[in-house]
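Next comes data-v8.cif, a file with mmCIF, N, CA and C atoms.
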data_protein
loop_
_atom_site.group_PDB
_atom_site.id
_atom_site.type_symbol
_atom_site.label_atom_id
_atom_site.label_comp_id
_atom_site.auth_asym_id
_atom_site.auth_seq_id
_atom_site.Cartn_x
_atom_site.Cartn_y
_atom_site.Cartn_z
ATOM 1 N N MET A 21 0.856 -1.179 0.000
ATOM 2 C CA MET A 21 0.000 0.000 0.000
ATOM 3 C C MET A 21 0.892 1.229 0.000
ATOM 4 N N GLU A 22 0.623 2.122 -0.914
ATOM 5 C CA GLU A 22 1.400 3.353 -1.034
ATOM 6 C C GLU A 22 0.717 4.462 -0.235
ATOM 7 N N LEU A 23 1.359 4.873 0.856
ATOM 8 C CA LEU A 23 0.841 5.938 1.709
ATOM 9 C C LEU A 23 1.872 7.054 1.793
ATOM 10 N N ASN A 24 1.396 8.292 1.885
ATOM 11 C CA ASN A 24 2.353 9.373 2.129
ATOM 12 C C ASN A 24 2.734 9.349 3.619
ATOM 13 N N ILE A 25 3.682 10.155 4.004
ATOM 14 C CA ILE A 25 4.219 10.109 5.370
ATOM 15 C C ILE A 25 3.148 10.414 6.421
ATOM 16 N N ILE A 26 2.260 11.344 6.137
ATOM 17 C CA ILE A 26 1.207 11.705 7.085
ATOM 18 C C ILE A 26 0.227 10.540 7.250
ATOM 19 N N GLU A 27 -0.118 9.892 6.138
ATOM 20 C CA GLU A 27 -1.010 8.731 6.196
ATOM 21 C C GLU A 27 -0.348 7.577 6.932
ATOM 22 N N LYS A 28 0.944 7.367 6.687
ATOM 23 C CA LYS A 28 1.671 6.313 7.402
ATOM 24 C C LYS A 28 1.601 6.547 8.905
ATOM 25 N N LEU A 29 1.857 7.773 9.322
ATOM 26 C CA LEU A 29 1.818 8.076 10.756
ATOM 27 C C LEU A 29 0.445 7.762 11.345
ATOM 28 N N ALA A 30 -0.610 8.119 10.633
ATOM 29 C CA ALA A 30 -1.971 7.876 11.134
ATOM 30 C C ALA A 30 -2.267 6.382 11.215
ATOM 31 N N VAL A 31 -1.902 5.638 10.188
ATOM 32 C CA VAL A 31 -2.145 4.191 10.174
ATOM 33 C C VAL A 31 -1.315 3.501 11.247
ATOM 34 N N ILE A 32 -0.046 3.843 11.328
ATOM 35 C CA ILE A 32 0.820 3.244 12.339
ATOM 36 C C ILE A 32 0.289 3.550 13.735
ATOM 37 N N LYS A 33 -0.138 4.781 13.964
ATOM 38 C CA LYS A 33 -0.703 5.179 15.257
ATOM 39 C C LYS A 33 -1.882 4.277 15.615
ATOM 40 N N ALA A 34 -2.821 4.111 14.688
ATOM 41 C CA ALA A 34 -4.017 3.312 14.968
ATOM 42 C C ALA A 34 -3.671 1.851 15.232
ATOM 43 N N VAL A 35 -2.822 1.279 14.409
ATOM 44 C CA VAL A 35 -2.447 -0.129 14.582
ATOM 45 C C VAL A 35 -1.664 -0.327 15.880
ATOM 46 N N ASP A 36 -0.750 0.573 16.164
ATOM 47 C CA ASP A 36 0.041 0.486 17.393
ATOM 48 C C ASP A 36 -0.848 0.574 18.631
ATOM 49 N N GLU A 37 -1.862 1.425 18.570
ATOM 50 C CA GLU A 37 -2.798 1.538 19.701
ATOM 51 C C GLU A 37 -3.528 0.214 19.930
ATOM 52 N N VAL A 38 -3.925 -0.446 18.850
ATOM 53 C CA VAL A 38 -4.589 -1.749 18.984
ATOM 54 C C VAL A 38 -3.629 -2.746 19.644
ATOM 55 N N ILE A 39 -2.398 -2.790 19.171
ATOM 56 C CA ILE A 39 -1.409 -3.738 19.695
ATOM 57 C C ILE A 39 -1.115 -3.467 21.165
ATOM 58 N N ARG A 40 -1.044 -2.206 21.541
ATOM 59 C CA ARG A 40 -0.694 -1.853 22.922
ATOM 60 C C ARG A 40 -1.895 -1.799 23.865
ATOM 61 N N MET A 41 -3.067 -2.128 23.361
ATOM 62 C CA MET A 41 -4.298 -2.036 24.135
ATOM 63 C C MET A 41 -4.222 -2.819 25.455
ATOM 64 N N ASP A 42 -3.593 -3.982 25.434
ATOM 65 C CA ASP A 42 -3.541 -4.803 26.649
ATOM 66 C C ASP A 42 -2.236 -4.623 27.436
ATOM 67 N N ASP A 43 -1.436 -3.632 27.060
ATOM 68 C CA ASP A 43 -0.176 -3.323 27.750
ATOM 69 C C ASP A 43 0.846 -4.458 27.719
ATOM 70 N N MET A 44 0.671 -5.381 26.770
ATOM 71 C CA MET A 44 1.618 -6.485 26.618
ATOM 72 C C MET A 44 1.934 -6.641 25.141
ATOM 73 N N LEU A 45 3.209 -6.888 24.817
ATOM 74 C CA LEU A 45 3.598 -7.116 23.435
ATOM 75 C C LEU A 45 3.880 -8.594 23.249
ATOM 76 N N ASP A 46 2.984 -9.263 22.573
ATOM 77 C CA ASP A 46 3.084 -10.689 22.292
ATOM 78 C C ASP A 46 3.978 -10.908 21.070
ATOM 79 N N VAL A 47 4.557 -12.072 20.941
ATOM 80 C CA VAL A 47 5.407 -12.407 19.795
ATOM 81 C C VAL A 47 4.628 -12.252 18.486
ATOM 82 N N GLY A 48 3.379 -12.688 18.463
ATOM 83 C CA GLY A 48 2.553 -12.559 17.266
ATOM 84 C C GLY A 48 2.331 -11.105 16.883
ATOM 85 N N GLU A 49 2.152 -10.258 17.890
ATOM 86 C CA GLU A 49 1.963 -8.828 17.636
ATOM 87 C C GLU A 49 3.248 -8.200 17.097
ATOM 88 N N LEU A 50 4.371 -8.602 17.665
ATOM 89 C CA LEU A 50 5.658 -8.103 17.193
ATOM 90 C C LEU A 50 5.893 -8.537 15.753
ATOM 91 N N ASP A 51 5.570 -9.792 15.450
ATOM 92 C CA ASP A 51 5.698 -10.286 14.076
ATOM 93 C C ASP A 51 4.802 -9.492 13.130
ATOM 94 N N TYR A 52 3.581 -9.219 13.559
ATOM 95 C CA TYR A 52 2.671 -8.461 12.711
ATOM 96 C C TYR A 52 3.202 -7.043 12.475
ATOM 97 N N LEU A 53 3.685 -6.414 13.514
ATOM 98 C CA LEU A 53 4.238 -5.068 13.385
ATOM 99 C C LEU A 53 5.446 -5.058 12.444
ATOM 100 N N THR A 54 6.260 -6.097 12.508
ATOM 101 C CA THR A 54 7.411 -6.224 11.615
ATOM 102 C C THR A 54 6.948 -6.365 10.164
ATOM 103 N N GLN A 55 5.923 -7.168 9.943
ATOM 104 C CA GLN A 55 5.367 -7.329 8.589
ATOM 105 C C GLN A 55 4.804 -6.008 8.075
ATOM 106 N N LEU A 56 4.081 -5.306 8.933
ATOM 107 C CA LEU A 56 3.506 -4.028 8.545
ATOM 108 C C LEU A 56 4.613 -3.020 8.210
ATOM 109 N N ALA A 57 5.696 -3.059 8.967
ATOM 110 C CA ALA A 57 6.828 -2.163 8.709
ATOM 111 C C ALA A 57 7.417 -2.432 7.329
ATOM 112 N N GLU A 58 7.456 -3.686 6.936
ATOM 113 C CA GLU A 58 7.958 -4.025 5.602
ATOM 114 C C GLU A 58 6.997 -3.536 4.520
ATOM 115 N N VAL A 59 5.705 -3.744 4.726
ATOM 116 C CA VAL A 59 4.698 -3.343 3.738
ATOM 117 C C VAL A 59 4.678 -1.828 3.568
ATOM 118 N N LEU A 60 4.728 -1.103 4.683
ATOM 119 C CA LEU A 60 4.641 0.359 4.635
ATOM 120 C C LEU A 60 5.999 1.054 4.579
ATOM 121 N N ASP A 61 7.066 0.251 4.686
ATOM 122 C CA ASP A 61 8.427 0.792 4.638
ATOM 123 C C ASP A 61 8.649 1.852 5.712
ATOM 124 N N PHE A 62 8.574 1.404 6.971
ATOM 125 C CA PHE A 62 8.887 2.313 8.076
ATOM 126 C C PHE A 62 9.797 1.622 9.078
ATOM 127 N N ASP A 63 10.441 2.432 9.908
ATOM 128 C CA ASP A 63 11.342 1.913 10.923
ATOM 129 C C ASP A 63 10.858 2.339 12.307
ATOM 130 N N VAL A 64 11.620 1.978 13.314
ATOM 131 C CA VAL A 64 11.226 2.248 14.692
ATOM 132 C C VAL A 64 11.108 3.749 14.958
ATOM 133 N N ASP A 65 11.908 4.553 14.282
ATOM 134 C CA ASP A 65 11.821 6.002 14.482
ATOM 135 C C ASP A 65 10.448 6.531 14.073
ATOM 136 N N LEU A 66 9.921 6.031 12.954
ATOM 137 C CA LEU A 66 8.597 6.476 12.509
ATOM 138 C C LEU A 66 7.519 5.961 13.462
ATOM 139 N N LEU A 67 7.708 4.759 13.992
ATOM 140 C CA LEU A 67 6.764 4.225 14.993
ATOM 141 C C LEU A 67 6.731 5.145 16.206
ATOM 142 N N LEU A 68 7.878 5.573 16.666
ATOM 143 C CA LEU A 68 7.935 6.470 17.824
ATOM 144 C C LEU A 68 7.298 7.822 17.508
ATOM 145 N N GLN A 69 7.492 8.309 16.292
ATOM 146 C CA GLN A 69 6.845 9.556 15.874
ATOM 147 C C GLN A 69 5.331 9.385 15.860
ATOM 148 N N ALA A 70 4.878 8.227 15.387
ATOM 149 C CA ALA A 70 3.432 7.962 15.319
ATOM 150 C C ALA A 70 2.822 7.963 16.717
ATOM 151 N N ARG A 71 3.538 7.475 17.685
ATOM 152 C CA ARG A 71 3.030 7.455 19.062
ATOM 153 C C ARG A 71 2.817 8.865 19.597
ATOM 154 N N ASP A 72 3.548 9.832 19.057
ATOM 155 C CA ASP A 72 3.407 11.232 19.491
ATOM 156 C C ASP A 72 2.280 11.970 18.780
ATOM 157 N N VAL A 73 1.739 11.377 17.731
ATOM 158 C CA VAL A 73 0.649 12.011 16.994
ATOM 159 C C VAL A 73 -0.602 12.006 17.871
ATOM 160 N N GLU A 74 -1.282 13.124 17.922
ATOM 161 C CA GLU A 74 -2.535 13.217 18.673
ATOM 162 C C GLU A 74 -3.612 12.415 17.948
ATOM 163 N N ALA A 75 -4.457 11.749 18.697
ATOM 164 C CA ALA A 75 -5.514 10.920 18.114
ATOM 165 C C ALA A 75 -6.400 11.722 17.168
ATOM 166 N N VAL A 76 -6.741 12.937 17.550
ATOM 167 C CA VAL A 76 -7.606 13.767 16.720
ATOM 168 C C VAL A 76 -6.942 14.080 15.377
ATOM 169 N N GLU A 77 -5.627 14.239 15.375
ATOM 170 C CA GLU A 77 -4.905 14.489 14.125
ATOM 171 C C GLU A 77 -4.921 13.246 13.239
ATOM 172 N N ALA A 78 -4.699 12.094 13.849
ATOM 173 C CA ALA A 78 -4.714 10.841 13.082
ATOM 174 C C ALA A 78 -6.085 10.602 12.458
ATOM 175 N N ILE A 79 -7.142 10.850 13.217
ATOM 176 C CA ILE A 79 -8.499 10.664 12.705
ATOM 177 C C ILE A 79 -8.765 11.625 11.547
ATOM 178 N N ALA A 80 -8.309 12.859 11.661
ATOM 179 C CA ALA A 80 -8.505 13.836 10.585
ATOM 180 C C ALA A 80 -7.832 13.372 9.295
ATOM 181 N N VAL A 81 -6.665 12.791 9.419
ATOM 182 C CA VAL A 81 -5.953 12.278 8.240
ATOM 183 C C VAL A 81 -6.706 11.082 7.657
ATOM 184 N N ILE A 82 -7.122 10.182 8.519
ATOM 185 C CA ILE A 82 -7.831 8.982 8.058
ATOM 186 C C ILE A 82 -9.123 9.358 7.333
ATOM 187 N N ARG A 83 -9.811 10.355 7.832
ATOM 188 C CA ARG A 83 -11.080 10.786 7.215
ATOM 189 C C ARG A 83 -10.937 11.129 5.739
ATOM 190 N N VAL A 84 -9.804 11.704 5.347
ATOM 191 C CA VAL A 84 -9.636 12.146 3.963
ATOM 192 C C VAL A 84 -8.848 11.151 3.095
ATOM 193 N N MET A 85 -8.493 10.012 3.655
ATOM 194 C CA MET A 85 -7.805 8.999 2.862
ATOM 195 C C MET A 85 -8.786 8.372 1.871
ATOM 196 N N SER A 86 -8.249 7.793 0.816
ATOM 197 C CA SER A 86 -9.078 7.111 -0.177
ATOM 198 C C SER A 86 -9.750 5.884 0.455
ATOM 199 N N GLU A 87 -10.791 5.423 -0.191
ATOM 200 C CA GLU A 87 -11.518 4.250 0.329
ATOM 201 C C GLU A 87 -10.611 3.027 0.413
ATOM 202 N N SER A 88 -9.724 2.856 -0.560
ATOM 203 C CA SER A 88 -8.828 1.691 -0.520
ATOM 204 C C SER A 88 -7.855 1.793 0.659
ATOM 205 N N LYS A 89 -7.415 2.994 0.981
ATOM 206 C CA LYS A 89 -6.521 3.183 2.131
ATOM 207 C C LYS A 89 -7.270 2.972 3.438
ATOM 208 N N LYS A 90 -8.525 3.412 3.484
ATOM 209 C CA LYS A 90 -9.347 3.172 4.674
ATOM 210 C C LYS A 90 -9.585 1.673 4.869
ATOM 211 N N ALA A 91 -9.814 0.954 3.771
ATOM 212 C CA ALA A 91 -10.004 -0.499 3.851
ATOM 213 C C ALA A 91 -8.722 -1.167 4.351
ATOM 214 N N PHE A 92 -7.576 -0.674 3.888
ATOM 215 C CA PHE A 92 -6.290 -1.188 4.355
ATOM 216 C C PHE A 92 -6.150 -0.973 5.859
ATOM 217 N N LEU A 93 -6.509 0.215 6.323
ATOM 218 C CA LEU A 93 -6.445 0.517 7.754
ATOM 219 C C LEU A 93 -7.336 -0.432 8.549
ATOM 220 N N MET A 94 -8.567 -0.627 8.070
ATOM 221 C CA MET A 94 -9.501 -1.494 8.776
ATOM 222 C C MET A 94 -8.940 -2.921 8.861
ATOM 223 N N ARG A 95 -8.410 -3.430 7.750
ATOM 224 C CA ARG A 95 -7.808 -4.770 7.755
ATOM 225 C C ARG A 95 -6.607 -4.828 8.696
ATOM 226 N N SER A 96 -5.783 -3.790 8.656
ATOM 227 C CA SER A 96 -4.574 -3.768 9.481
ATOM 228 C C SER A 96 -4.903 -3.774 10.974
ATOM 229 N N MET A 97 -5.885 -2.981 11.371
ATOM 230 C CA MET A 97 -6.271 -2.963 12.792
ATOM 231 C C MET A 97 -6.859 -4.309 13.201
ATOM 232 N N THR A 98 -7.656 -4.909 12.336
ATOM 233 C CA THR A 98 -8.254 -6.215 12.640
ATOM 234 C C THR A 98 -7.176 -7.289 12.749
ATOM 235 N N GLU A 99 -6.233 -7.280 11.819
ATOM 236 C CA GLU A 99 -5.143 -8.247 11.867
ATOM 237 C C GLU A 99 -4.283 -8.041 13.110
ATOM 238 N N ALA A 100 -4.055 -6.795 13.486
ATOM 239 C CA ALA A 100 -3.279 -6.506 14.699
ATOM 240 C C ALA A 100 -3.990 -7.051 15.933
ATOM 241 N N ALA A 101 -5.315 -6.888 15.971
ATOM 242 C CA ALA A 101 -6.087 -7.395 17.115
ATOM 243 C C ALA A 101 -6.008 -8.918 17.198
ATOM 244 N N ASN A 102 -5.931 -9.567 16.045
ATOM 245 C CA ASN A 102 -5.874 -11.031 16.002
ATOM 246 C C ASN A 102 -4.470 -11.593 16.146
ATOM 247 N N ALA A 103 -3.461 -10.748 16.080
ATOM 248 C CA ALA A 103 -2.075 -11.198 16.028
ATOM 249 C C ALA A 103 -1.636 -12.021 17.231
ATOM 250 N N ASP A 104 -2.195 -11.746 18.399
ATOM 251 C CA ASP A 104 -1.796 -12.504 19.596
ATOM 252 C C ASP A 104 -2.716 -13.691 19.860
ATOM 253 N N GLY A 105 -3.672 -13.918 18.966
ATOM 254 C CA GLY A 105 -4.575 -15.058 19.113
ATOM 255 C C GLY A 105 -5.758 -14.790 20.018
ATOM 256 N N VAL A 106 -5.813 -13.609 20.617
ATOM 257 C CA VAL A 106 -6.911 -13.263 21.518
ATOM 258 C C VAL A 106 -7.395 -11.853 21.174
ATOM 259 N N VAL A 107 -8.642 -11.754 20.747
ATOM 260 C CA VAL A 107 -9.219 -10.443 20.477
ATOM 261 C C VAL A 107 -10.117 -10.113 21.661
ATOM 262 N N ASP A 108 -9.743 -9.092 22.413
ATOM 263 C CA ASP A 108 -10.568 -8.769 23.576
ATOM 264 C C ASP A 108 -11.515 -7.612 23.264
ATOM 265 N N GLU A 109 -12.454 -7.419 24.130
ATOM 266 C CA GLU A 109 -13.507 -6.423 23.940
ATOM 267 C C GLU A 109 -12.946 -5.012 23.793
ATOM 268 N N ALA A 110 -11.905 -4.689 24.525
ATOM 269 C CA ALA A 110 -11.310 -3.354 24.440
ATOM 270 C C ALA A 110 -10.766 -3.088 23.038
ATOM 271 N N GLU A 111 -10.142 -4.092 22.441
ATOM 272 C CA GLU A 111 -9.623 -3.934 21.081
ATOM 273 C C GLU A 111 -10.761 -3.719 20.083
ATOM 274 N N ILE A 112 -11.810 -4.509 20.212
ATOM 275 C CA ILE A 112 -12.964 -4.381 19.322
ATOM 276 C C ILE A 112 -13.582 -2.994 19.452
ATOM 277 N N GLN A 113 -13.794 -2.558 20.668
ATOM 278 C CA GLN A 113 -14.400 -1.246 20.899
ATOM 279 C C GLN A 113 -13.519 -0.123 20.357
ATOM 280 N N PHE A 114 -12.212 -0.244 20.543
ATOM 281 C CA PHE A 114 -11.293 0.772 20.026
ATOM 282 C C PHE A 114 -11.370 0.845 18.501
ATOM 283 N N ILE A 115 -11.336 -0.309 17.859
ATOM 284 C CA ILE A 115 -11.412 -0.350 16.391
ATOM 285 C C ILE A 115 -12.699 0.299 15.917
ATOM 286 N N TYR A 116 -13.826 -0.041 16.530
ATOM 287 C CA TYR A 116 -15.103 0.560 16.132
ATOM 288 C C TYR A 116 -15.120 2.070 16.366
ATOM 289 N N ARG A 117 -14.519 2.528 17.457
ATOM 290 C CA ARG A 117 -14.463 3.972 17.721
ATOM 291 C C ARG A 117 -13.643 4.698 16.661
ATOM 292 N N VAL A 118 -12.507 4.126 16.287
ATOM 293 C CA VAL A 118 -11.667 4.741 15.250
ATOM 294 C C VAL A 118 -12.418 4.778 13.929
ATOM 295 N N LEU A 119 -13.014 3.650 13.560
ATOM 296 C CA LEU A 119 -13.743 3.597 12.293
ATOM 297 C C LEU A 119 -14.893 4.586 12.267
ATOM 298 N N ALA A 120 -15.646 4.648 13.337
ATOM 299 C CA ALA A 120 -16.783 5.576 13.395
ATOM 300 C C ALA A 120 -16.307 7.021 13.349
ATOM 301 N N ALA A 121 -15.277 7.348 14.104
ATOM 302 C CA ALA A 121 -14.772 8.728 14.144
ATOM 303 C C ALA A 121 -14.231 9.143 12.775
ATOM 304 N N ALA A 122 -13.698 8.182 12.033
ATOM 305 C CA ALA A 122 -13.135 8.480 10.720
ATOM 306 C C ALA A 122 -14.174 8.371 9.607
ATOM 307 N N GLY A 123 -15.418 8.042 9.987
ATOM 308 C CA GLY A 123 -16.466 7.951 8.989
ATOM 309 C C GLY A 123 -16.409 6.715 8.133
ATOM 310 N N ILE A 124 -15.833 5.641 8.684
ATOM 311 C CA ILE A 124 -15.705 4.388 7.946
ATOM 312 C C ILE A 124 -16.743 3.406 8.466
ATOM 313 N N SER A 125 -17.541 2.876 7.582
ATOM 314 C CA SER A 125 -18.534 1.874 7.963
ATOM 315 C C SER A 125 -17.818 0.525 8.092
ATOM 316 N N SER A 126 -18.088 -0.205 9.144
ATOM 317 C CA SER A 126 -17.458 -1.509 9.335
ATOM 318 C C SER A 126 -17.911 -2.500 8.271
ATOM 319 N N GLY A 127 -18.952 -2.157 7.526
ATOM 320 C CA GLY A 127 -19.434 -3.006 6.449
ATOM 321 C C GLY A 127 -18.744 -2.717 5.127
ATOM 322 N N ASP A 128 -17.855 -1.701 5.099
ATOM 323 C CA ASP A 128 -17.161 -1.329 3.854
ATOM 324 C C ASP A 128 -16.182 -2.406 3.427
#
Representation of the structure as structure tokens:
Amino acid sequence: MELNIIEKLAVIKAVDEVIRMDDMLDVGELDYLTQLAEVLDFDVDLLLQARDVEAVEAIAVIRVMSESKKAFLMRSMTEAANADGVVDEAEIQFIYRVLAAAGISSGD
């Protein structure tokens, strides 16, 4: 997926929040984050920058992304939630809140 730097920061922020939701980094989550880094071509420095992005800024960026990029984000957050083999209610609720705030229908 080809994203500009601002879109990368927003996507990384959202996915990282899902992964860190339970305050534990599982091997599966680390593997998923590594795969995502390869797909989006980012390093740990960009991940750290994404963590500093305000949620409202990330949502504003996501709102104006193309439908295909929004679909990529939705898949990425879902895959991140599944990466440790356990999808908990907090992760589901967070994903739905991000999607709703960004104007993305979960049925898209």
Problem set entry | Glu109 in chain A surroundings by only C-alpha atoms, 12 Å radius, close-in-sequence under 6 positions cut, as a PyMOL selection string | chain A and resi 38+41-42+101-102+115-116
For this session: Given the file shown, enumerate the residues that the PyMOL selection byres ((chain A and resi 97-100) around 8) captures and present them as a PyMOL selection string.
Result: chain A and resi 31+34-36+38-40+48-49+52-53+91-96+101-107+111+115
Problem set entry | One-decimal distance in Å that lies between CA of Phe62 in chain A and CA of Arg117 in chain A |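 Atom-to-atom, CA of Arg117 in chain A and CA of Phe62 in chain A are spaced 25.3 Å apart.
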Exercise. Do you know which residues are at most 12 Å from Lys89 in chain A counting only C-alpha atoms, after dropping those on the same chain fewer than 6 positions away, and could you put them as a PyMOL selection string?
Worked result: chain A and resi 21-24+27-28+30-31+60+81-83+95-96+124+128
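Closest to Ala70 in chain A among A:Val118, A:Ile32, A:Ala57, A:Met85 is A:Ile32, based on only C-alpha atoms.
The space separating CA of Asp46 in chain A from CA of Asp61 in chain A comes to 21.7 Å.
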For this session: Quote the spacing between atom C of Leu29 in chain A and atom N of Asp72 in chain A in Å to one decimal place.
Result: 8.6 Å
For this session: Return as a ChimeraX atom specification the full set of residues in chain A whose backbone-based DSSP assignment is helix (DSSP H, G or I).
Result: /A:25-42,47-60,64-72,75-83,87-102,109-121
Exercise. Of the candidates A:Met44, A:Ser125, A:Leu119, A:Lys33, which shows the shortest atom-to-atom distance to Gln69 in chain A, using only N, CA and C atoms?
Worked result: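 Of A:Met44, A:Ser125, A:Leu119, A:Lys33, the one nearest Gln69 in chain A is A:Lys33, counting only N, CA and C atoms.
For the set A:Ile26, A:Leu66, A:Asp43, A:Ala121, the residue with the smallest atom-to-atom gap to Ile79 in chain A is A:Ala121, counting only C-alpha atoms.
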So that all listed atoms of range 21-27 of chain A fit with 3 Å spare on each side, what axis-aligned box centre and edge lengths in Å, to one decimal, would you give as JSON?
{"center_x": 1.6, "center_y": 5.3, "center_z": 3.1, "size_x": 11.2, "size_y": 18.9, "size_z": 14.3}
